[in-house]
Amino acid sequence: MKLIYGMMLSSKKEQAINLINLLNVNDNELVILVDKKSEELFQDLYSLYKNDKHVHFILDRFDVGWGDLTTSIATTSLLKYTLTFDYDYFTMVSESCLPLYPDLEIKKFLSENKGKEFIDVRFDWTKRSRLHLIHDKAYSPKQRKNRNLLAIRDVIVDLLFSPFMKTNNQFKSFKVPTTLLWFTISKDCTKYIVETIESQKLFDKYKNTLIADEHIFAEVLYNSPFFEKLFIKKKRGGALLYCDWYVLNAPKPLTMKDYKRIYKHKIPVLYARKFDLKTNPDVVSKIYENRKNPDFKCPYVKNR
């Protein structure tokens, strides 16, 4: 079982280095894309790992904006870069993510479930306003603090006033596929996503939308042969990722209070987010220990 990790990094240097070291084992490949705004982080990481044969940097970087189409463009660039490697599964992570089990335990689980795609694709009509309304720009940092209220406003505007407005008519349906960037997918699925986005010019289609990254990949997968291979459909959990979702889908920073819930999750999870080493070091350190302990077993592995 050969794994490759795509790492989208923008901050938290110490956390990013620790994650690279945790993942850079047993011939795993790491492809790192650092936000163009984070020049110091890029230079520091590149200096540390430029001679490591398993750590690869994308030098054509992007100034990624939250909720902006650049997130989808950067992610697709990262996916495309990985296609030059030989691997079974690709996993997307950021510096706020952590693997929950030793590398060989994760590979055992994926080997037992080979042929499945571990990505959430659900449907949420309340997200239509992101696509149907025309958004000339993404939320500003100040607006993001009130993004839940803004989302409610957009839903109301879309339902009541969109017939009288100029809208993105390609997004009329209330059956809105949605996903998250954090997933584990096969190389065949990765290739299909990249080729479909390029051949159908989906970046043009999603040009005036908001948070396109949560929809563009979901659209591709829903209309693909890989949809029937999803590990879990219709509810969160298929991406093997633990998050504590609250207040209209905002991920809560994880603490030691979350530790037992993480490791007693009914749906298989191999990774978790969001972590912050500065504000909640105890839970981060504990999961570091679990990852490094070869005797720490994954309960989702069936055959020993």
# chains A, B, ... in the order shown; residues from 1 in each chain; ligands from 1
>>> residues_around(residues="Lys191 in chain A", least_positions_apart="5", cutoff="12 Å", atoms="only C-alpha atoms", output="PyMOL selection string")
chain A and resi 76-85+87+89-90+185-186+196-199+220-221+224+226
>>> select_by_dssp(residues="range 137-285 of chain A", states="strand (DSSP E)", output="list in words")
Pro177, Thr178, Thr184, Ile185, Ser186, Leu241, Tyr242, Trp245, Tyr246, Ala250, Pro251, Tyr271 and Ala272 of chain A
>>> write_last_selection(atoms="C-alpha atoms", output="PDB file, in the first residue's frame")
ATOM      1  CA  PRO A 177     -23.771  18.336  -3.932  1.00  0.00           C
ATOM      2  CA  THR A 178     -21.266  19.377  -1.309  1.00  0.00           C
ATOM      3  CA  THR A 184      -8.609  10.081   0.838  1.00  0.00           C
ATOM      4  CA  ILE A 185      -9.069   8.978  -2.782  1.00  0.00           C
ATOM      5  CA  SER A 186      -7.453   6.564  -5.228  1.00  0.00           C
ATOM      6  CA  LEU A 241     -11.911  12.451   9.133  1.00  0.00           C
ATOM      7  CA  TYR A 242     -13.076  13.455  12.607  1.00  0.00           C
ATOM      8  CA  TRP A 245     -19.064  20.454  13.842  1.00  0.00           C
ATOM      9  CA  TYR A 246     -21.060  23.141  15.571  1.00  0.00           C
ATOM     10  CA  ALA A 250     -17.892  25.564  11.733  1.00  0.00           C
ATOM     11  CA  PRO A 251     -15.211  23.058  12.910  1.00  0.00           C
ATOM     12  CA  TYR A 271      -7.446  11.547  10.747  1.00  0.00           C
ATOM     13  CA  ALA A 272      -8.816  14.515  12.682  1.00  0.00           C
TER      14      ALA A 272
END
>>> residues_around(residues="Pro268 in chain A", least_positions_apart="5", cutoff="9 Å", atoms="only C-alpha atoms", output="PyMOL selection string")
chain A and resi 237-242+299-300
>>> write_last_selection(atoms="N, CA and C atoms", output="PDB file, in the first residue's frame")
ATOM      1  N   GLY A 237     -18.672  11.350   7.452  1.00  0.00           N
ATOM      2  CA  GLY A 237     -17.934  10.217   7.983  1.00  0.00           C
ATOM      3  C   GLY A 237     -17.199   9.440   6.924  1.00  0.00           C
ATOM      4  N   GLY A 238     -17.597   9.603   5.682  1.00  0.00           N
ATOM      5  CA  GLY A 238     -16.969   8.835   4.615  1.00  0.00           C
ATOM      6  C   GLY A 238     -15.560   9.246   4.295  1.00  0.00           C
ATOM      7  N   ALA A 239     -15.129  10.400   4.792  1.00  0.00           N
ATOM      8  CA  ALA A 239     -13.793  10.899   4.481  1.00  0.00           C
ATOM      9  C   ALA A 239     -12.734  10.428   5.467  1.00  0.00           C
ATOM     10  N   LEU A 240     -13.101   9.570   6.421  1.00  0.00           N
ATOM     11  CA  LEU A 240     -12.174   9.060   7.442  1.00  0.00           C
ATOM     12  C   LEU A 240     -11.633  10.179   8.322  1.00  0.00           C
ATOM     13  N   LEU A 241     -12.374  11.263   8.412  1.00  0.00           N
ATOM     14  CA  LEU A 241     -11.911  12.451   9.133  1.00  0.00           C
ATOM     15  C   LEU A 241     -12.858  12.784  10.276  1.00  0.00           C
ATOM     16  N   TYR A 242     -12.281  13.009  11.460  1.00  0.00           N
ATOM     17  CA  TYR A 242     -13.076  13.455  12.607  1.00  0.00           C
ATOM     18  C   TYR A 242     -13.003  14.972  12.727  1.00  0.00           C
ATOM     19  N   PRO A 299      -8.770   0.193  15.722  1.00  0.00           N
ATOM     20  CA  PRO A 299      -9.883  -0.735  15.952  1.00  0.00           C
ATOM     21  C   PRO A 299     -10.690  -1.055  14.700  1.00  0.00           C
ATOM     22  N   TYR A 300     -10.497  -0.292  13.648  1.00  0.00           N
ATOM     23  CA  TYR A 300     -11.265  -0.518  12.421  1.00  0.00           C
ATOM     24  C   TYR A 300     -10.621  -1.572  11.519  1.00  0.00           C
TER      25      TYR A 300
END
>>> atom_distance(atom1="CA of Asn280 in chain A", atom2="CA of Asn28 in chain A")
27.8 Å
>>> closest_residue(among="A:Ile20, A:Ile211, A:Leu159, A:Val194", to="Thr71 in chain A", atoms="only C-alpha atoms")
A:Ile211
>>> select_by_dssp(residues="range 122-290 of chain A", states="alpha helix (DSSP H)", output="PyMOL selection string")
chain A and resi 128-132+141-144+147-161+187-199+202-205+216-222+259-263+281-290
>>> residues_around(residues="Gln15 in chain A", least_positions_apart="4", cutoff="12 Å", atoms="only C-alpha atoms", output="mmCIF file with N, CA and C atoms, in the first residue's frame")
data_model
loop_
_atom_site.group_PDB
_atom_site.id
_atom_site.type_symbol
_atom_site.label_atom_id
_atom_site.label_comp_id
_atom_site.auth_asym_id
_atom_site.auth_seq_id
_atom_site.Cartn_x
_atom_site.Cartn_y
_atom_site.Cartn_z
ATOM 1 N N LEU A 9 -0.519 24.225 3.149
ATOM 2 C CA LEU A 9 0.000 24.864 4.357
ATOM 3 C C LEU A 9 -0.026 26.385 4.231
ATOM 4 N N SER A 10 -0.307 27.045 5.363
ATOM 5 C CA SER A 10 -0.311 28.505 5.337
ATOM 6 C C SER A 10 0.194 29.130 6.631
ATOM 7 N N SER A 11 0.335 28.333 7.703
ATOM 8 C CA SER A 11 0.727 28.916 8.984
ATOM 9 C C SER A 11 1.241 27.820 9.912
ATOM 10 N N LEU A 19 3.963 17.663 11.512
ATOM 11 C CA LEU A 19 3.106 16.850 10.650
ATOM 12 C C LEU A 19 3.901 16.229 9.515
ATOM 13 N N ILE A 20 4.789 17.001 8.914
ATOM 14 C CA ILE A 20 5.641 16.450 7.849
ATOM 15 C C ILE A 20 6.438 15.263 8.376
ATOM 16 N N ASN A 21 7.010 15.409 9.560
ATOM 17 C CA ASN A 21 7.812 14.326 10.129
ATOM 18 C C ASN A 21 6.963 13.106 10.492
ATOM 19 N N LEU A 22 5.742 13.326 10.926
ATOM 20 C CA LEU A 22 4.851 12.210 11.247
ATOM 21 C C LEU A 22 4.460 11.424 9.999
ATOM 22 N N LEU A 41 7.277 30.931 5.742
ATOM 23 C CA LEU A 41 7.021 29.512 5.991
ATOM 24 C C LEU A 41 7.543 28.657 4.845
ATOM 25 N N LEU A 45 10.524 25.807 5.306
ATOM 26 C CA LEU A 45 10.245 24.399 5.025
ATOM 27 C C LEU A 45 11.097 23.900 3.855
ATOM 28 N N SER A 94 -3.965 19.549 6.064
ATOM 29 C CA SER A 94 -3.355 20.852 6.325
ATOM 30 C C SER A 94 -2.585 20.740 7.634
ATOM 31 N N GLU A 95 -1.951 21.840 8.047
ATOM 32 C CA GLU A 95 -1.191 21.807 9.296
ATOM 33 C C GLU A 95 -2.090 21.625 10.510
ATOM 34 N N SER A 96 -3.402 21.772 10.339
ATOM 35 C CA SER A 96 -4.346 21.588 11.442
ATOM 36 C C SER A 96 -4.861 20.157 11.546
ATOM 37 N N CYS A 97 -4.387 19.278 10.672
ATOM 38 C CA CYS A 97 -4.801 17.873 10.677
ATOM 39 C C CYS A 97 -3.747 17.003 11.358
ATOM 40 N N LEU A 98 -4.194 15.847 11.844
ATOM 41 C CA LEU A 98 -3.276 14.860 12.393
ATOM 42 C C LEU A 98 -3.750 13.454 12.069
ATOM 43 N N LYS A 274 -9.827 20.244 13.902
ATOM 44 C CA LYS A 274 -8.681 21.116 13.822
ATOM 45 C C LYS A 274 -7.900 21.022 15.121
ATOM 46 N N PHE A 275 -6.566 21.064 15.002
ATOM 47 C CA PHE A 275 -5.689 21.057 16.165
ATOM 48 C C PHE A 275 -4.860 22.340 16.187
ATOM 49 N N ASP A 276 -4.536 22.759 17.408
ATOM 50 C CA ASP A 276 -3.678 23.926 17.581
ATOM 51 C C ASP A 276 -2.710 23.648 18.721
ATOM 52 N N LEU A 277 -1.437 23.525 18.382
ATOM 53 C CA LEU A 277 -0.402 23.171 19.351
ATOM 54 C C LEU A 277 -0.236 24.235 20.431
ATOM 55 N N LYS A 278 -0.494 25.481 20.114
ATOM 56 C CA LYS A 278 -0.300 26.557 21.093
ATOM 57 C C LYS A 278 -1.432 26.629 22.104
ATOM 58 N N THR A 279 -2.662 26.494 21.645
ATOM 59 C CA THR A 279 -3.795 26.657 22.550
ATOM 60 C C THR A 279 -4.222 25.356 23.224
ATOM 61 N N ASN A 280 -3.990 24.220 22.565
ATOM 62 C CA ASN A 280 -4.389 22.918 23.123
ATOM 63 C C ASN A 280 -3.268 21.894 22.922
ATOM 64 N N PRO A 281 -2.119 22.110 23.579
ATOM 65 C CA PRO A 281 -0.952 21.250 23.339
ATOM 66 C C PRO A 281 -1.127 19.810 23.849
ATOM 67 N N VAL A 284 -2.718 17.457 21.255
ATOM 68 C CA VAL A 284 -1.802 17.315 20.121
ATOM 69 C C VAL A 284 -0.653 16.372 20.485
ATOM 70 N N SER A 285 -0.041 16.586 21.641
ATOM 71 C CA SER A 285 1.076 15.746 22.082
ATOM 72 C C SER A 285 0.648 14.294 22.260
ATOM 73 N N TYR A 288 0.373 12.757 18.871
ATOM 74 C CA TYR A 288 1.728 12.505 18.377
ATOM 75 C C TYR A 288 2.238 11.165 18.922
#
>>> closest_atom_pairs(of="range 173-241 of chain A", to="range 130-136 of chain A", cutoff="9 Å", atoms="only C-alpha atoms", output="CSV")
residue,atom,partner,partner_atom,distance
A:Ser173,CA,A:His132,CA,8.7
A:Val176,CA,A:Leu131,CA,9.0
A:Tyr206,CA,A:Leu131,CA,7.5
A:Lys207,CA,A:Asp136,CA,8.6
A:Asn208,CA,A:His135,CA,5.0
A:Thr209,CA,A:Leu131,CA,4.8
A:Leu210,CA,A:Arg130,CA,4.8
A:Ile211,CA,A:Arg130,CA,7.0
A:Ala212,CA,A:Leu131,CA,7.7
A:His215,CA,A:Leu131,CA,8.7
